[in-house]
Amino acid sequence: MAHETVRPASGPLVGECRVGGDKSIAHRALLLGAVAEGTTRIHNFAGGADNRSTIGVLRALGVTIREADGLVEVAGAGWSGLRAPAAALDCGNSGTTMRLGAGLLAGRPFTARLTGDRSLCARPMGRVIEPLRAMGADVGSEAGDGRPPLVVRGGRLHGITYRLPVASAQVKSAILLAGLQAAGETRVIEALPTRDHTERLLPAFGAAVRVEAGALAADGERHAIVAGEARLRGVVLALPGDFSAAAFLLVAALLVPGSDLNVRDVGVNPTRTGLLDVLRAMGAGLEVGDERVEGGEPVGTVRARASALRGLDVPPGQVAALIDEIPILCVAAARAAGTTRITGAAELRLKESDRIAVMAAALRACGVAVEELPDGLVVYGTGGAPLRGGAVASHGDHRIVMAMAVAALVAGAPIVIDDAAAAAVSDPAFFPRLRALAGR
Ligand code: S3P
C-alpha cells in the first residue's frame with residue numbers, strides 16, 4: 001500500500017484547529033441509535049473507516065442510515081428492527097465494531113457471523129465470548145481459539161454481575177449492550193476505570209444506568225449497572241472532537257520549536273486524557289480552557305506550547321486513560337531528556353498491531369534507543385536532538401502511522417511511513433491537517 005514521506009516541519013504549529021468527532025462515542029451512538037425507536041442524528045461525524053464499518057454492519061442488519069457532510073441519520077426501529085443478515089458482517093479493522101456488535105446481537109433471535117480484516121481476525125474475542133455466554137447467548141469463535149470470525153446465536157439473556165479480568169471499555173460496553181436486552185440488572189465491575197462513554201450516553205437514549213464508585217461501591221471498585229429490557233428512544237447529538245486525534249497535534253506542538261496551538265471543542269473526558277497528565281508531569285505546557293459539558297461529555301480547548309520534556313515512569317494505573325495515546329507518548333519520550341518507562345501496558349500487544357514491538361522497531365529505525373518489555377517500553381530520550389530520518393513499517397496500524405508522522409516533523413531528514421493510508425481508520429483528515437499546520 002502507498003507510503004507517505006513526511007518531512008521535518010518548516011515552522012512552528014500556531015493558531016487554532018479542530019479535529020473530527022470522537023470515534024468511540026460515534027460507534028456507541030450508531031449502535032444505540034440502530035435499536036432505539038425514532039431517528040438518531042449524529043453531528044460532527046468524522047467518517048473514519050472504523051465508524052464506517054459500524055455503519056456497514058448496521059445496514060447489513062437492515063437499519064437505514066444516511067450520511068452526508070458530517071451528519072449521520074440512523075432510522076432506529078427498536079430492537080426488533082434488526083434483521084438476520086444475509087452474509088457475514090464485515091467489521092473491517094474495528095475491534096469496537098466487533099466487540100460491541102457481539103453484545104448488541106447477543107439478545108437478537110437470529111444468527112450472525114462477524115468477521116474482519118487480517119489484523120482484526122488475529123485479535124482476542126474470548127474476552128466478550130465468555131461473559132456473553134454467561135448471560136445466555138450462544139457465542140463462539142469459528143476456529144475455536146477465541147479469534148474471529150465470531151458466530152453469535154442470540155437468545156434470551158439474563159443479567160449478570162461480571163468483574164472485568166482485563167481493563168477494557170470494549171468488553172464493558174459489550175456486556176452493557178447485552179444487559180439492556182436481558183432480564184434483570186447487569187453489573188460490570190472494574191478495578192481500573194476505563195472510558196465511560198457508554199455509561200454517559202445511555203441516559204440520553206432513555207436507559208436506566210447507574211454508576212457506583214468510591215464510597216458507594218463497598219469494594220472501592222467501579223460498578224456500572226444497567227436495567228434490562230430497555231426501550232430506547234432516538235437522540236440528537238453533537239460529537240466532541242476526538243481527543244485521540246487531537247493528541248497527535250498536541251504532541252507535535254510540544255515538540256516543534258516555537259509552536260503554540262489551540263485545539264478547540266475537543267473531548268476532555270478524564271477517562272481519555274491521561275496523556276495530558278503524563279505530559280504535564282514531563283514538563284509540557286498544556287492547558288485546558290473553555291471547559292463545559294455537552295451531551296454528557298466534558299469538552300474544552302486544549303492549548304499546547306513547545307516545551308522541553310523530561311522522561312519519567314508511567315505506572316500501570318495510568319495506562320487505561322491513555323491506552324490509545326501510548327504510540328504518540330513514545331514519540332514525546334524519544335525527544336525528552338532522560339528515560340521514560342511505560343509498564344502495565346501488555347494490552348498494547350493486542351491492538352491493531354503489536355504496538356510495543358512495532359513502536360520499538362519504528363523508533364529504532366529513527367535512531368532512538370528503545371527497550372521492549374513484556375508489558376511496555378523503555379524509551380531513552382535524545383534530549384531534544386533530532387531523530388534520524390528513515391523508513392518505518394506501520395503494519396497498517398493507524399496510530400503508528402500518525403505517531404511516526406509527528407516524529408518526522410522533528411527528525412533531521414524525511415521519514416517514509418508505509419501503509420500510511422491507514423490513518424483514515426480513525427482520522428481521514430489527519431495528513432491534510434498536519435500539512436496545513438506544519439507547512440508540509
Ligand atoms: C475503545 C476502547 C479501547 C481502545 C479502542 C476503543 C472503545 O479498547 O483501545 O481504540 O471505543 O471502547 P479496549 O477497551 O479494548 O482497551
# chains A, B, ... in the order shown; residues from 1 in each chain; ligands from 1

call {"tool": "residues_around", "arguments": {"residues": "Glu291 of chain A", "least_positions_apart": "2", "cutoff": "10 Å", "atoms": "only C-alpha atoms", "output": "compact mmCIF listing (two decimals) with C-alpha atoms, in the first residue's frame"}}
result
# COMPACT_ATOMS: atom_id res chain seq x y z
CA ASP A 265 -14.03 21.76 21.06
CA VAL A 266 -12.22 18.57 21.92
CA GLY A 267 -13.47 15.90 24.33
CA VAL A 268 -11.64 16.06 27.65
CA VAL A 288 -7.41 23.13 29.14
CA GLY A 289 -9.74 26.12 28.81
CA VAL A 293 -20.27 19.66 29.42
CA GLU A 294 -22.03 18.95 26.13
CA PRO A 298 -16.67 17.27 29.08
CA VAL A 299 -15.42 19.40 26.18
CA GLY A 300 -12.84 22.17 26.05
CA THR A 301 -9.97 23.86 24.24
CA VAL A 302 -6.54 22.34 24.75

call {"tool": "select_by_dssp", "arguments": {"residues": "segment 257-365 of chain A", "states": "strand (DSSP E)", "output": "ChimeraX atom specification"}}
result
/A:260-267,285-294,297-305,313-314,339-342

call {"tool": "write_last_selection", "arguments": {"atoms": "N, CA, C and O atoms", "output": "compact mmCIF listing (two decimals), in the first residue's frame"}}
result
# COMPACT_ATOMS: atom_id res chain seq x y z
N ASP A 260 2.58 27.07 19.26
CA ASP A 260 1.56 27.47 20.25
C ASP A 260 0.22 27.20 19.57
O ASP A 260 -0.23 27.99 18.73
N LEU A 261 -0.39 26.07 19.91
CA LEU A 261 -1.57 25.60 19.18
C LEU A 261 -2.74 25.40 20.12
O LEU A 261 -2.59 24.83 21.20
N ASN A 262 -3.92 25.85 19.68
CA ASN A 262 -5.17 25.58 20.41
C ASN A 262 -6.01 24.59 19.62
O ASN A 262 -6.34 24.86 18.46
N VAL A 263 -6.34 23.47 20.25
CA VAL A 263 -7.28 22.53 19.61
C VAL A 263 -8.62 22.76 20.30
O VAL A 263 -8.76 22.52 21.50
N ARG A 264 -9.58 23.22 19.54
CA ARG A 264 -10.86 23.65 20.11
C ARG A 264 -11.90 22.53 20.09
O ARG A 264 -11.86 21.64 19.25
N ASP A 265 -12.85 22.64 21.02
CA ASP A 265 -14.03 21.76 21.06
C ASP A 265 -13.66 20.28 21.06
O ASP A 265 -14.24 19.47 20.33
N VAL A 266 -12.68 19.95 21.88
CA VAL A 266 -12.22 18.57 21.92
C VAL A 266 -12.70 17.91 23.22
O VAL A 266 -12.82 18.58 24.26
N GLY A 267 -13.02 16.64 23.15
CA GLY A 267 -13.47 15.90 24.33
C GLY A 267 -12.34 15.81 25.35
O GLY A 267 -11.22 15.47 24.99
N GLY A 285 3.87 22.32 28.46
CA GLY A 285 2.97 23.46 28.62
C GLY A 285 1.65 23.11 27.97
O GLY A 285 1.48 23.26 26.76
N LEU A 286 0.72 22.62 28.77
CA LEU A 286 -0.59 22.19 28.28
C LEU A 286 -1.66 22.78 29.17
O LEU A 286 -1.56 22.67 30.40
N GLU A 287 -2.64 23.41 28.59
CA GLU A 287 -3.74 23.97 29.40
C GLU A 287 -5.07 23.60 28.76
O GLU A 287 -5.19 23.60 27.54
N VAL A 288 -6.05 23.37 29.64
CA VAL A 288 -7.41 23.13 29.14
C VAL A 288 -8.24 24.35 29.52
O VAL A 288 -8.26 24.75 30.69
N GLY A 289 -8.89 24.97 28.54
CA GLY A 289 -9.74 26.12 28.81
C GLY A 289 -11.12 25.92 28.24
O GLY A 289 -11.40 24.91 27.59
N ASP A 290 -11.99 26.90 28.50
CA ASP A 290 -13.34 26.91 27.95
C ASP A 290 -14.05 25.57 28.20
O ASP A 290 -14.77 25.06 27.34
N GLU A 291 -13.84 25.02 29.40
CA GLU A 291 -14.37 23.68 29.66
C GLU A 291 -15.86 23.74 29.96
O GLU A 291 -16.32 24.60 30.72
N ARG A 292 -16.61 22.86 29.37
CA ARG A 292 -18.06 22.75 29.63
C ARG A 292 -18.49 21.31 29.35
O ARG A 292 -17.70 20.52 28.84
N VAL A 293 -19.75 21.01 29.69
CA VAL A 293 -20.27 19.66 29.42
C VAL A 293 -21.28 19.76 28.29
O VAL A 293 -22.19 20.59 28.33
N GLU A 294 -21.09 18.96 27.26
CA GLU A 294 -22.03 18.95 26.13
C GLU A 294 -22.42 17.51 25.85
O GLU A 294 -21.54 16.66 25.66
N GLU A 297 -20.73 14.90 27.98
CA GLU A 297 -19.27 14.72 27.90
C GLU A 297 -18.55 16.05 28.13
O GLU A 297 -18.92 17.07 27.54
N PRO A 298 -17.48 16.05 28.93
CA PRO A 298 -16.67 17.27 29.08
C PRO A 298 -15.96 17.61 27.77
O PRO A 298 -15.41 16.73 27.11
N VAL A 299 -16.01 18.90 27.42
CA VAL A 299 -15.42 19.40 26.18
C VAL A 299 -14.65 20.66 26.51
O VAL A 299 -15.03 21.40 27.43
N GLY A 300 -13.58 20.94 25.79
CA GLY A 300 -12.84 22.17 26.05
C GLY A 300 -11.88 22.48 24.91
O GLY A 300 -11.90 21.85 23.86
N THR A 301 -11.04 23.51 25.17
CA THR A 301 -9.97 23.86 24.24
C THR A 301 -8.66 23.46 24.89
O THR A 301 -8.43 23.80 26.06
N VAL A 302 -7.84 22.73 24.18
CA VAL A 302 -6.54 22.34 24.75
C VAL A 302 -5.45 23.12 24.02
O VAL A 302 -5.38 23.10 22.79
N ARG A 303 -4.65 23.84 24.83
CA ARG A 303 -3.56 24.63 24.27
C ARG A 303 -2.23 23.93 24.56
O ARG A 303 -1.98 23.52 25.70
N ALA A 304 -1.41 23.81 23.54
CA ALA A 304 -0.09 23.19 23.72
C ALA A 304 0.98 24.15 23.23
O ALA A 304 0.87 24.69 22.13
N ARG A 305 1.98 24.38 24.08
CA ARG A 305 3.10 25.24 23.69
C ARG A 305 4.39 24.44 23.71
O ARG A 305 4.60 23.61 24.60
N ASP A 313 8.60 7.72 34.75
CA ASP A 313 7.96 6.41 34.81
C ASP A 313 6.45 6.59 34.69
O ASP A 313 5.87 7.37 35.45
N VAL A 314 5.83 5.87 33.77
CA VAL A 314 4.36 5.89 33.66
C VAL A 314 3.87 4.60 34.33
O VAL A 314 4.08 3.51 33.80
N THR A 339 15.00 9.08 30.57
CA THR A 339 14.36 7.81 30.22
C THR A 339 12.88 7.81 30.59
O THR A 339 12.51 8.30 31.65
N THR A 340 12.06 7.26 29.71
CA THR A 340 10.63 7.05 30.02
C THR A 340 10.37 5.56 30.04
O THR A 340 10.75 4.85 29.11
N ARG A 341 9.74 5.12 31.11
CA ARG A 341 9.46 3.68 31.25
C ARG A 341 7.94 3.52 31.40
O ARG A 341 7.34 4.07 32.34
N ILE A 342 7.36 2.77 30.48
CA ILE A 342 5.91 2.52 30.50
C ILE A 342 5.71 1.04 30.82
O ILE A 342 6.26 0.18 30.12

call {"tool": "atom_distance", "arguments": {"atom1": "atom CA of Ala215 of chain A", "atom2": "atom 15 (O, counted along the ligand's line) of ligand 1"}}
result
26.8 Å

call {"tool": "residues_near_ligand", "arguments": {"ligand": "ligand 1", "cutoff": "8 Å", "atoms": "only C-alpha atoms and all ligand atoms", "output": "MDAnalysis selection string"}}
result
chainID A and resid 23:25 27:28 95:96 167:173 194:195 197 320 323:324 347 351

call {"tool": "closest_residue", "arguments": {"among": "A:Pro85, A:Gly296, A:Gly396, A:Pro8", "to": "Thr198 of chain A", "atoms": "only C-alpha atoms"}}
result
A:Gly296

call {"tool": "residues_around", "arguments": {"residues": "Ala422 of chain A", "least_positions_apart": "3", "cutoff": "6 Å", "atoms": "only C-alpha atoms", "output": "ChimeraX atom specification"}}
result
/A:396,398,419,425

call {"tool": "residues_around", "arguments": {"residues": "Ala357 of chain A", "least_positions_apart": "3", "cutoff": "12 Å", "atoms": "only C-alpha atoms", "output": "list in words"}}
result
Pro327, Ala346, Leu348, Arg349, Leu350, Lys351, Ser353, Asp354, Ala360, Ala361, Ala362, Leu363, Arg364, Val370, Glu371, Glu372, Leu373, Pro374, Asp375, Gly376, Leu377, Val378, Ala393, Ser394, His395 and Ile400 of chain A

call {"tool": "write_last_selection", "arguments": {"atoms": "N, CA and C atoms", "output": "short mmCIF file (atom, residue, chain, number, x, y, z; two decimals), in the first residue's frame"}}
result
data_model
loop_
_atom_site.label_atom_id
_atom_site.label_comp_id
_atom_site.auth_asym_id
_atom_site.auth_seq_id
_atom_site.Cartn_x
_atom_site.Cartn_y
_atom_site.Cartn_z
N PRO A 327 1.52 5.17 21.58
CA PRO A 327 2.46 5.41 20.47
C PRO A 327 2.93 6.88 20.41
N ALA A 346 0.50 -4.40 28.68
CA ALA A 346 0.56 -5.60 27.83
C ALA A 346 -0.57 -5.62 26.80
N LEU A 348 -1.33 -3.49 24.84
CA LEU A 348 -0.87 -2.87 23.60
C LEU A 348 -0.46 -3.90 22.56
N ARG A 349 -0.09 -5.08 23.04
CA ARG A 349 0.33 -6.13 22.09
C ARG A 349 -0.87 -6.71 21.35
N LEU A 350 -2.09 -6.38 21.80
CA LEU A 350 -3.31 -6.97 21.24
C LEU A 350 -4.15 -5.94 20.48
N LYS A 351 -3.53 -4.82 20.14
CA LYS A 351 -4.27 -3.78 19.40
C LYS A 351 -4.18 -4.06 17.90
N SER A 353 -2.02 -3.54 15.87
CA SER A 353 -0.77 -4.28 15.70
C SER A 353 -0.23 -4.51 17.11
N ASP A 354 0.88 -5.23 17.20
CA ASP A 354 1.56 -5.34 18.49
C ASP A 354 2.29 -4.00 18.68
N ALA A 360 8.60 0.08 19.03
CA ALA A 360 10.03 -0.05 19.34
C ALA A 360 10.83 -0.09 18.04
N ALA A 361 10.37 -0.88 17.07
CA ALA A 361 11.10 -1.00 15.80
C ALA A 361 11.08 0.33 15.05
N ALA A 362 9.95 1.02 15.07
CA ALA A 362 9.83 2.28 14.32
C ALA A 362 10.78 3.34 14.90
N LEU A 363 10.82 3.42 16.21
CA LEU A 363 11.70 4.43 16.82
C LEU A 363 13.17 4.07 16.62
N ARG A 364 13.47 2.79 16.71
CA ARG A 364 14.87 2.36 16.47
C ARG A 364 15.29 2.73 15.05
N VAL A 370 15.49 2.03 22.30
CA VAL A 370 14.23 1.60 22.93
C VAL A 370 14.41 0.16 23.42
N GLU A 371 13.89 -0.11 24.59
CA GLU A 371 13.91 -1.47 25.10
C GLU A 371 12.47 -1.95 25.15
N GLU A 372 12.24 -3.16 24.70
CA GLU A 372 10.89 -3.74 24.78
C GLU A 372 10.75 -4.50 26.08
N LEU A 373 9.68 -4.28 26.79
CA LEU A 373 9.37 -5.09 27.97
C LEU A 373 8.16 -5.96 27.61
N PRO A 374 7.93 -7.04 28.33
CA PRO A 374 6.73 -7.83 28.01
C PRO A 374 5.47 -6.95 28.08
N ASP A 375 5.43 -6.01 28.99
CA ASP A 375 4.23 -5.20 29.19
C ASP A 375 4.48 -3.71 29.01
N GLY A 376 5.44 -3.36 28.20
CA GLY A 376 5.66 -1.93 28.00
C GLY A 376 6.94 -1.64 27.25
N LEU A 377 7.42 -0.41 27.41
CA LEU A 377 8.63 0.01 26.70
C LEU A 377 9.46 0.92 27.59
N VAL A 378 10.77 0.91 27.32
CA VAL A 378 11.66 1.91 27.91
C VAL A 378 12.23 2.71 26.74
N ALA A 393 8.00 0.83 9.33
CA ALA A 393 6.90 -0.08 8.98
C ALA A 393 5.76 0.17 9.97
N SER A 394 4.60 0.57 9.44
CA SER A 394 3.46 0.89 10.32
C SER A 394 2.61 -0.33 10.63
N HIS A 395 2.83 -1.40 9.88
CA HIS A 395 1.99 -2.61 9.99
C HIS A 395 0.51 -2.27 9.81
N ILE A 400 0.15 4.08 14.69
CA ILE A 400 1.60 4.07 14.43
C ILE A 400 1.90 5.05 13.29
#

call {"tool": "select_by_dssp", "arguments": {"residues": "segment 96-125 of chain A", "states": "helix (DSSP H, G or I)", "output": "list in words"}}
result
Thr96, Thr97, Met98, Arg99, Leu100, Gly101, Ala102, Gly103, Leu104, Leu105, Leu120, Cys121 and Ala122 of chain A

call {"tool": "decode", "arguments": {"residues": "segment 17-30 of chain A", "atoms": "all heavy atoms", "output": "PDB file, in the first residue's frame"}}
result
ATOM      1  N   CYS A  17      -7.172  24.955  15.692  1.00  0.00           N
ATOM      2  CA  CYS A  17      -7.771  23.999  14.767  1.00  0.00           C
ATOM      3  C   CYS A  17      -8.792  23.156  15.526  1.00  0.00           C
ATOM      4  O   CYS A  17      -8.922  23.255  16.754  1.00  0.00           O
ATOM      5  CB  CYS A  17      -6.696  23.110  14.154  1.00  0.00           C
ATOM      6  SG  CYS A  17      -5.926  21.993  15.319  1.00  0.00           S
ATOM      7  N   ARG A  18      -9.509  22.347  14.776  1.00  0.00           N
ATOM      8  CA  ARG A  18     -10.446  21.387  15.354  1.00  0.00           C
ATOM      9  C   ARG A  18     -10.138  20.025  14.774  1.00  0.00           C
ATOM     10  O   ARG A  18      -9.509  19.929  13.722  1.00  0.00           O
ATOM     11  CB  ARG A  18     -11.893  21.772  15.009  1.00  0.00           C
ATOM     12  CG  ARG A  18     -12.379  22.989  15.734  1.00  0.00           C
ATOM     13  CD  ARG A  18     -13.833  23.292  15.383  1.00  0.00           C
ATOM     14  NE  ARG A  18     -14.365  24.318  16.270  1.00  0.00           N
ATOM     15  CZ  ARG A  18     -14.099  25.604  16.182  1.00  0.00           C
ATOM     16  NH1 ARG A  18     -13.300  26.063  15.225  1.00  0.00           N
ATOM     17  NH2 ARG A  18     -14.607  26.460  17.041  1.00  0.00           N
ATOM     18  N   VAL A  19     -10.593  18.999  15.446  1.00  0.00           N
ATOM     19  CA  VAL A  19     -10.460  17.646  14.894  1.00  0.00           C
ATOM     20  C   VAL A  19     -11.863  17.063  14.725  1.00  0.00           C
ATOM     21  O   VAL A  19     -12.831  17.590  15.281  1.00  0.00           O
ATOM     22  CB  VAL A  19      -9.604  16.739  15.815  1.00  0.00           C
ATOM     23  CG1 VAL A  19      -8.146  17.166  15.797  1.00  0.00           C
ATOM     24  CG2 VAL A  19     -10.148  16.701  17.233  1.00  0.00           C
ATOM     25  N   GLY A  20     -11.963  15.981  13.982  1.00  0.00           N
ATOM     26  CA  GLY A  20     -13.266  15.357  13.734  1.00  0.00           C
ATOM     27  C   GLY A  20     -13.856  14.747  15.000  1.00  0.00           C
ATOM     28  O   GLY A  20     -13.170  14.584  16.017  1.00  0.00           O
ATOM     29  N   GLY A  21     -15.117  14.382  14.917  1.00  0.00           N
ATOM     30  CA  GLY A  21     -15.852  13.882  16.085  1.00  0.00           C
ATOM     31  C   GLY A  21     -15.296  12.566  16.611  1.00  0.00           C
ATOM     32  O   GLY A  21     -14.693  11.778  15.871  1.00  0.00           O
ATOM     33  N   ASP A  22     -15.523  12.345  17.881  1.00  0.00           N
ATOM     34  CA  ASP A  22     -14.943  11.209  18.601  1.00  0.00           C
ATOM     35  C   ASP A  22     -15.407   9.865  18.021  1.00  0.00           C
ATOM     36  O   ASP A  22     -16.610   9.594  17.924  1.00  0.00           O
ATOM     37  CB  ASP A  22     -15.339  11.308  20.077  1.00  0.00           C
ATOM     38  CG  ASP A  22     -14.606  10.293  20.903  1.00  0.00           C
ATOM     39  OD1 ASP A  22     -15.062   9.143  20.998  1.00  0.00           O
ATOM     40  OD2 ASP A  22     -13.553  10.665  21.449  1.00  0.00           O
ATOM     41  N   LYS A  23     -14.429   9.023  17.716  1.00  0.00           N
ATOM     42  CA  LYS A  23     -14.714   7.719  17.110  1.00  0.00           C
ATOM     43  C   LYS A  23     -15.408   6.775  18.091  1.00  0.00           C
ATOM     44  O   LYS A  23     -16.359   6.083  17.729  1.00  0.00           O
ATOM     45  CB  LYS A  23     -13.385   7.119  16.635  1.00  0.00           C
ATOM     46  CG  LYS A  23     -13.429   5.676  16.211  1.00  0.00           C
ATOM     47  CD  LYS A  23     -12.174   5.300  15.439  1.00  0.00           C
ATOM     48  CE  LYS A  23     -11.043   4.824  16.326  1.00  0.00           C
ATOM     49  NZ  LYS A  23     -11.058   3.373  16.581  1.00  0.00           N
ATOM     50  N   SER A  24     -14.926   6.748  19.331  1.00  0.00           N
ATOM     51  CA  SER A  24     -15.515   5.838  20.328  1.00  0.00           C
ATOM     52  C   SER A  24     -16.986   6.169  20.567  1.00  0.00           C
ATOM     53  O   SER A  24     -17.842   5.289  20.625  1.00  0.00           O
ATOM     54  CB  SER A  24     -14.801   6.005  21.669  1.00  0.00           C
ATOM     55  OG  SER A  24     -13.744   5.126  21.804  1.00  0.00           O
ATOM     56  N   ILE A  25     -17.264   7.463  20.734  1.00  0.00           N
ATOM     57  CA  ILE A  25     -18.650   7.866  21.019  1.00  0.00           C
ATOM     58  C   ILE A  25     -19.519   7.620  19.785  1.00  0.00           C
ATOM     59  O   ILE A  25     -20.672   7.181  19.887  1.00  0.00           O
ATOM     60  CB  ILE A  25     -18.712   9.341  21.470  1.00  0.00           C
ATOM     61  CG1 ILE A  25     -17.820   9.554  22.698  1.00  0.00           C
ATOM     62  CG2 ILE A  25     -20.157   9.758  21.775  1.00  0.00           C
ATOM     63  CD1 ILE A  25     -17.691  11.016  23.134  1.00  0.00           C
ATOM     64  N   ALA A  26     -18.941   7.850  18.597  1.00  0.00           N
ATOM     65  CA  ALA A  26     -19.718   7.641  17.372  1.00  0.00           C
ATOM     66  C   ALA A  26     -20.166   6.173  17.242  1.00  0.00           C
ATOM     67  O   ALA A  26     -21.323   5.901  16.908  1.00  0.00           O
ATOM     68  CB  ALA A  26     -18.900   8.048  16.147  1.00  0.00           C
ATOM     69  N   HIS A  27     -19.248   5.225  17.534  1.00  0.00           N
ATOM     70  CA  HIS A  27     -19.649   3.805  17.475  1.00  0.00           C
ATOM     71  C   HIS A  27     -20.872   3.564  18.371  1.00  0.00           C
ATOM     72  O   HIS A  27     -21.828   2.888  17.983  1.00  0.00           O
ATOM     73  CB  HIS A  27     -18.531   2.900  18.015  1.00  0.00           C
ATOM     74  CG  HIS A  27     -17.382   2.654  17.083  1.00  0.00           C
ATOM     75  ND1 HIS A  27     -17.520   2.092  15.843  1.00  0.00           N
ATOM     76  CD2 HIS A  27     -16.053   2.846  17.240  1.00  0.00           C
ATOM     77  CE1 HIS A  27     -16.328   1.954  15.273  1.00  0.00           C
ATOM     78  NE2 HIS A  27     -15.418   2.410  16.100  1.00  0.00           N
ATOM     79  N   ARG A  28     -20.789   4.087  19.587  1.00  0.00           N
ATOM     80  CA  ARG A  28     -21.861   3.839  20.557  1.00  0.00           C
ATOM     81  C   ARG A  28     -23.165   4.490  20.119  1.00  0.00           C
ATOM     82  O   ARG A  28     -24.247   3.898  20.230  1.00  0.00           O
ATOM     83  CB  ARG A  28     -21.422   4.367  21.934  1.00  0.00           C
ATOM     84  CG  ARG A  28     -20.325   3.486  22.557  1.00  0.00           C
ATOM     85  CD  ARG A  28     -19.450   4.274  23.525  1.00  0.00           C
ATOM     86  NE  ARG A  28     -18.536   3.432  24.273  1.00  0.00           N
ATOM     87  CZ  ARG A  28     -17.385   2.940  23.805  1.00  0.00           C
ATOM     88  NH1 ARG A  28     -17.008   3.193  22.564  1.00  0.00           N
ATOM     89  NH2 ARG A  28     -16.622   2.200  24.575  1.00  0.00           N
ATOM     90  N   ALA A  29     -23.074   5.720  19.596  1.00  0.00           N
ATOM     91  CA  ALA A  29     -24.288   6.418  19.170  1.00  0.00           C
ATOM     92  C   ALA A  29     -24.933   5.691  17.984  1.00  0.00           C
ATOM     93  O   ALA A  29     -26.164   5.594  17.892  1.00  0.00           O
ATOM     94  CB  ALA A  29     -23.951   7.863  18.804  1.00  0.00           C
ATOM     95  N   LEU A  30     -24.104   5.170  17.081  1.00  0.00           N
ATOM     96  CA  LEU A  30     -24.641   4.431  15.928  1.00  0.00           C
ATOM     97  C   LEU A  30     -25.350   3.157  16.392  1.00  0.00           C
ATOM     98  O   LEU A  30     -26.475   2.861  15.961  1.00  0.00           O
ATOM     99  CB  LEU A  30     -23.500   4.057  14.971  1.00  0.00           C
ATOM    100  CG  LEU A  30     -22.887   5.212  14.180  1.00  0.00           C
ATOM    101  CD1 LEU A  30     -21.537   4.802  13.573  1.00  0.00           C
ATOM    102  CD2 LEU A  30     -23.833   5.653  13.073  1.00  0.00           C
TER     103      LEU A  30
END
